[in-house]
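**Q** Please see the structure below; I have some questions.
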Amino acid sequence: MKLALVFPGQGSQSVGMGRELYDTVAEARAVFEEVDEALGENLSRLIFEGPEETLTLTANAQPALMAVSLAAMRALEARGFDLSSASYVAGHSLGEYSALAATGSIGIGETARLLRIRGEAMQAAVPAGQGAMAAIMGLEADVLEAICQEASGTGSVQVANDNGGGQLVISGDKAAVDRAMALASERGARRTIALAVSAPFHSALMQPAADRMAEALLGVEIVQPRVPLIANVLAAPSSSPERLRSQLVEQVTGQVRWRESMTFLAEDGVDTLFEVGAGKVLSGLAKRIDKRLAAQSVGTPADIDAAPVSYTHL
């Protein structure tokens, strides 16, 4: 049995997430309190009570999801789980920060501040209405890459997420995204869906946000993680503190290579995933990417009670 921990990204948030952990596990409550203190505001109240439209704002959703993931992680460890029994950690987009915080590579309070900056910078990078994202179902990645190249005559567009299970996401200038969606439909895409997002994440248009994160990360201490990270931009292990620092900048404009990351885990013998935090999005993707991966959610006290806490590191 070989285990990896995965940490969810934006879109997994919901009002009330993490409330049971806060109410019942002292170690989890301490995480929420540390995040509130680091941000100088009561983010916990927003997480538990909403309103949903405020929680969903990028600058709030990113540190909120990290807080819930780390609260679940601390609750799991309080039950006897040893992080060193995991072979790898990985996180989807902002979840990469959660993964690094879970391994002790970056402090929790520092991670909350970085994610607040990241969310604000990503939101401010592109004027409202100029950018867009769309999910494309049923095309191979190389076909969609060629379509984006063809559509780039009307603006910048690229594959932003390869989520697996036939789901790809494109991002860029609205006109170019619209053109790529039309071309995808002509080339046999099963479905194209314009996403209700506030900015074109993981595209070249996010360069101002990448520059802001490079500046913010300069003053942050990053230590070698206790467990190797499967980096979004590499789909391969990464542990060097300076390489991790640059990868966190690169992922703002780069592709989230989630399908390849999960395939790497399966090929390396990982057979069990814990999705640590809110929702079950990554568990669902894992099942569609590789049947060898058995995933389970670890986000509530009941989940944690049901999770095996003893693993032999292989």
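Chain identifiers are assigned as A, B, and so on, following the order in which chains appear in the structure tokens; residues are numbered from 1 within each chain, and ligands are numbered from 1 in order of appearance.
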Find the residues near Val233 (chain A): any atom within 12 Å, counting only C-alpha atoms, skip ones fewer than 2 places away on the same chain, and give them as a PyMOL selection string.
**A** chain A and resi 90-93+96+160-162+202+229-231+235-238+243-244+246-261
**Q** Using N, CA and C atoms, can you export the residues from the last selection as a short mmCIF file (atom, residue, chain, number, x, y, z; two decimals), in the first residue's frame?
**A**
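Okay, this is what ended up in again33.cif:
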data_model
loop_
_atom_site.label_atom_id
_atom_site.label_comp_id
_atom_site.auth_asym_id
_atom_site.auth_seq_id
_atom_site.Cartn_x
_atom_site.Cartn_y
_atom_site.Cartn_z
N ALA A 90 0.42 16.44 -3.34
CA ALA A 90 0.15 17.22 -4.55
C ALA A 90 -1.06 18.10 -4.27
N GLY A 91 -1.13 19.23 -4.95
CA GLY A 91 -2.28 20.12 -4.77
C GLY A 91 -2.68 20.74 -6.08
N HIS A 92 -3.98 20.86 -6.29
CA HIS A 92 -4.50 21.42 -7.54
C HIS A 92 -4.48 22.94 -7.47
N SER A 93 -3.58 23.58 -8.22
CA SER A 93 -3.44 25.03 -8.26
C SER A 93 -3.16 25.58 -6.87
N GLU A 96 -1.55 23.49 -4.13
CA GLU A 96 -0.11 23.28 -4.02
C GLU A 96 0.44 24.00 -2.78
N ALA A 160 -5.13 25.50 -19.93
CA ALA A 160 -4.78 25.92 -18.57
C ALA A 160 -4.75 24.75 -17.61
N ASN A 161 -5.66 23.81 -17.79
CA ASN A 161 -5.77 22.65 -16.89
C ASN A 161 -5.98 21.40 -17.71
N ASP A 162 -5.17 20.40 -17.46
CA ASP A 162 -5.44 19.06 -17.97
C ASP A 162 -5.86 18.24 -16.75
N HIS A 202 -4.28 30.71 -14.97
CA HIS A 202 -3.31 29.82 -15.61
C HIS A 202 -3.17 30.10 -17.10
N LEU A 229 6.82 17.01 -3.19
CA LEU A 229 5.64 17.57 -3.85
C LEU A 229 5.66 17.19 -5.33
N ILE A 230 4.51 16.75 -5.84
CA ILE A 230 4.35 16.60 -7.29
C ILE A 230 3.90 17.96 -7.81
N ALA A 231 4.81 18.69 -8.43
CA ALA A 231 4.53 20.08 -8.82
C ALA A 231 3.60 20.15 -10.01
N ALA A 235 4.53 17.89 -13.15
CA ALA A 235 3.93 16.56 -13.01
C ALA A 235 5.00 15.55 -12.60
N ALA A 236 5.90 16.01 -11.72
CA ALA A 236 7.02 15.20 -11.24
C ALA A 236 7.43 15.72 -9.88
N PRO A 237 8.19 14.92 -9.10
CA PRO A 237 8.54 15.34 -7.75
C PRO A 237 9.45 16.55 -7.72
N SER A 238 9.28 17.35 -6.67
CA SER A 238 10.10 18.54 -6.46
C SER A 238 10.27 18.74 -4.97
N ARG A 243 13.72 25.75 -6.04
CA ARG A 243 12.93 25.30 -7.19
C ARG A 243 11.44 25.40 -6.87
N LEU A 244 11.06 25.06 -5.65
CA LEU A 244 9.65 25.21 -5.26
C LEU A 244 9.21 26.67 -5.36
N SER A 246 10.32 29.01 -7.37
CA SER A 246 10.12 29.40 -8.77
C SER A 246 8.90 28.70 -9.37
N GLN A 247 8.63 27.47 -8.95
CA GLN A 247 7.46 26.76 -9.49
C GLN A 247 6.15 27.39 -9.04
N LEU A 248 6.13 27.95 -7.83
CA LEU A 248 4.92 28.64 -7.38
C LEU A 248 4.65 29.89 -8.21
N VAL A 249 5.70 30.49 -8.73
CA VAL A 249 5.53 31.62 -9.66
C VAL A 249 5.09 31.11 -11.03
N GLU A 250 5.75 30.07 -11.51
CA GLU A 250 5.45 29.53 -12.83
C GLU A 250 4.02 29.04 -12.95
N GLN A 251 3.47 28.49 -11.86
CA GLN A 251 2.13 27.90 -11.97
C GLN A 251 1.04 28.95 -12.13
N VAL A 252 1.31 30.23 -11.86
CA VAL A 252 0.30 31.27 -12.05
C VAL A 252 -0.07 31.39 -13.53
N THR A 253 0.91 31.29 -14.40
CA THR A 253 0.66 31.38 -15.85
C THR A 253 0.72 30.02 -16.52
N GLY A 254 1.22 29.00 -15.81
CA GLY A 254 1.44 27.70 -16.43
C GLY A 254 0.26 26.75 -16.29
N GLN A 255 0.37 25.64 -16.97
CA GLN A 255 -0.70 24.64 -16.99
C GLN A 255 -0.68 23.78 -15.73
N VAL A 256 -1.86 23.51 -15.19
CA VAL A 256 -2.01 22.55 -14.10
C VAL A 256 -2.07 21.16 -14.75
N ARG A 257 -0.98 20.42 -14.62
CA ARG A 257 -0.85 19.12 -15.31
C ARG A 257 -1.33 18.01 -14.36
N TRP A 258 -2.63 18.06 -14.04
CA TRP A 258 -3.15 17.15 -13.02
C TRP A 258 -3.24 15.72 -13.51
N ARG A 259 -3.68 15.52 -14.74
CA ARG A 259 -3.77 14.15 -15.28
C ARG A 259 -2.39 13.49 -15.25
N GLU A 260 -1.39 14.19 -15.71
CA GLU A 260 -0.04 13.64 -15.73
C GLU A 260 0.49 13.40 -14.30
N SER A 261 0.11 14.30 -13.39
CA SER A 261 0.55 14.13 -11.99
C SER A 261 -0.02 12.86 -11.39
#
**Q** Could you please write out, as a count of residues only, every residue of region 35-236 of chain A that DSSP assigns to helix (DSSP H, G or I)?
**A** 107
**Q** Excluding Ser198 (chain A) and its own-chain neighbours fewer than 2 positions away, which residues fall within 9 Å of it when counting only C-alpha atoms? Please give them as a ChimeraX atom specification.
**A** /A:57-58,123,128-129,131-132,196,200-201
**Q** Using DSSP on the backbone, list every residue of region 20-235 of chain A that comes out as strand (DSSP E), and give them as a PyMOL selection string.
**A** chain A and resi 88-91+131-137+157-164+167-173+191-194+229-231
**Q** Need to verify the contact set: Glu37 (chain A), 12 Å, only C-alpha atoms, exclusion of same-chain residues closer than 4 positions in sequence. Can you return it as a PyMOL selection string?
**A** chain A and resi 30-33+41-44+108-110+112-113
**Q** Write out the residues from the selection above, keeping all heavy atoms, as a compact mmCIF listing (two decimals), in the first residue's frame.
**A**
# COMPACT_ATOMS: atom_id res chain seq x y z
N ALA A 30 -7.21 25.45 16.07
CA ALA A 30 -6.00 26.28 16.13
C ALA A 30 -5.56 26.74 14.74
O ALA A 30 -5.01 27.85 14.59
CB ALA A 30 -4.88 25.50 16.81
N VAL A 31 -5.80 25.94 13.72
CA VAL A 31 -5.44 26.33 12.35
C VAL A 31 -6.29 27.53 11.92
O VAL A 31 -5.77 28.52 11.39
CB VAL A 31 -5.63 25.16 11.37
CG1 VAL A 31 -5.50 25.65 9.93
CG2 VAL A 31 -4.62 24.06 11.65
N PHE A 32 -7.60 27.43 12.13
CA PHE A 32 -8.48 28.54 11.75
C PHE A 32 -8.09 29.82 12.50
O PHE A 32 -8.08 30.92 11.92
CB PHE A 32 -9.94 28.19 12.03
CG PHE A 32 -10.52 27.17 11.10
CD1 PHE A 32 -10.77 25.87 11.52
CD2 PHE A 32 -10.80 27.51 9.78
CE1 PHE A 32 -11.31 24.93 10.65
CE2 PHE A 32 -11.33 26.57 8.90
CZ PHE A 32 -11.59 25.29 9.34
N GLU A 33 -7.76 29.69 13.77
CA GLU A 33 -7.38 30.86 14.56
C GLU A 33 -6.08 31.46 14.05
O GLU A 33 -5.92 32.68 14.00
CB GLU A 33 -7.26 30.46 16.03
CG GLU A 33 -8.62 30.14 16.66
CD GLU A 33 -8.51 29.51 18.04
OE1 GLU A 33 -7.37 29.15 18.45
OE2 GLU A 33 -9.56 29.37 18.72
N GLU A 41 -8.29 39.31 10.19
CA GLU A 41 -9.75 39.35 10.01
C GLU A 41 -10.34 38.00 10.38
O GLU A 41 -9.61 37.01 10.51
CB GLU A 41 -10.10 39.68 8.56
CG GLU A 41 -9.66 38.61 7.57
CD GLU A 41 -9.94 38.98 6.13
OE1 GLU A 41 -9.29 39.91 5.62
OE2 GLU A 41 -10.82 38.34 5.53
N ASN A 42 -11.65 37.97 10.52
CA ASN A 42 -12.33 36.73 10.91
C ASN A 42 -12.77 35.97 9.65
O ASN A 42 -13.95 35.89 9.32
CB ASN A 42 -13.53 37.04 11.81
CG ASN A 42 -14.04 35.80 12.53
OD1 ASN A 42 -13.77 34.67 12.12
ND2 ASN A 42 -14.78 36.00 13.60
N LEU A 43 -11.78 35.40 8.95
CA LEU A 43 -12.11 34.61 7.76
C LEU A 43 -12.92 33.38 8.14
O LEU A 43 -13.77 32.93 7.37
CB LEU A 43 -10.82 34.19 7.03
CG LEU A 43 -11.01 33.42 5.73
CD1 LEU A 43 -11.65 34.29 4.66
CD2 LEU A 43 -9.68 32.86 5.23
N SER A 44 -12.68 32.85 9.34
CA SER A 44 -13.42 31.65 9.78
C SER A 44 -14.93 31.89 9.76
O SER A 44 -15.70 31.02 9.34
CB SER A 44 -12.97 31.23 11.18
OG SER A 44 -11.62 30.88 11.19
N ILE A 108 1.81 28.05 8.18
CA ILE A 108 0.39 28.20 7.86
C ILE A 108 0.01 29.67 7.73
O ILE A 108 -0.67 30.07 6.76
CB ILE A 108 -0.48 27.51 8.94
CG1 ILE A 108 -0.31 26.00 8.85
CG2 ILE A 108 -1.96 27.89 8.76
CD1 ILE A 108 -1.02 25.23 9.95
N GLY A 109 0.42 30.51 8.67
CA GLY A 109 0.09 31.93 8.59
C GLY A 109 0.68 32.57 7.36
O GLY A 109 0.02 33.38 6.67
N GLU A 110 1.92 32.23 7.03
CA GLU A 110 2.57 32.76 5.83
C GLU A 110 1.84 32.30 4.58
O GLU A 110 1.65 33.06 3.63
CB GLU A 110 4.03 32.29 5.78
CG GLU A 110 4.89 33.02 4.78
CD GLU A 110 5.18 34.46 5.17
OE1 GLU A 110 6.10 34.67 5.97
OE2 GLU A 110 4.46 35.35 4.68
N ALA A 112 -1.35 31.57 4.33
CA ALA A 112 -2.60 32.34 4.24
C ALA A 112 -2.35 33.71 3.63
O ALA A 112 -3.10 34.17 2.75
CB ALA A 112 -3.23 32.47 5.62
N ARG A 113 -1.29 34.37 4.07
CA ARG A 113 -0.98 35.70 3.52
C ARG A 113 -0.61 35.62 2.04
O ARG A 113 -1.04 36.46 1.24
CB ARG A 113 0.15 36.33 4.33
CG ARG A 113 -0.27 36.80 5.72
CD ARG A 113 0.81 37.60 6.41
NE ARG A 113 1.93 36.77 6.84
CZ ARG A 113 2.03 36.21 8.04
NH1 ARG A 113 1.06 36.38 8.94
NH2 ARG A 113 3.08 35.47 8.34
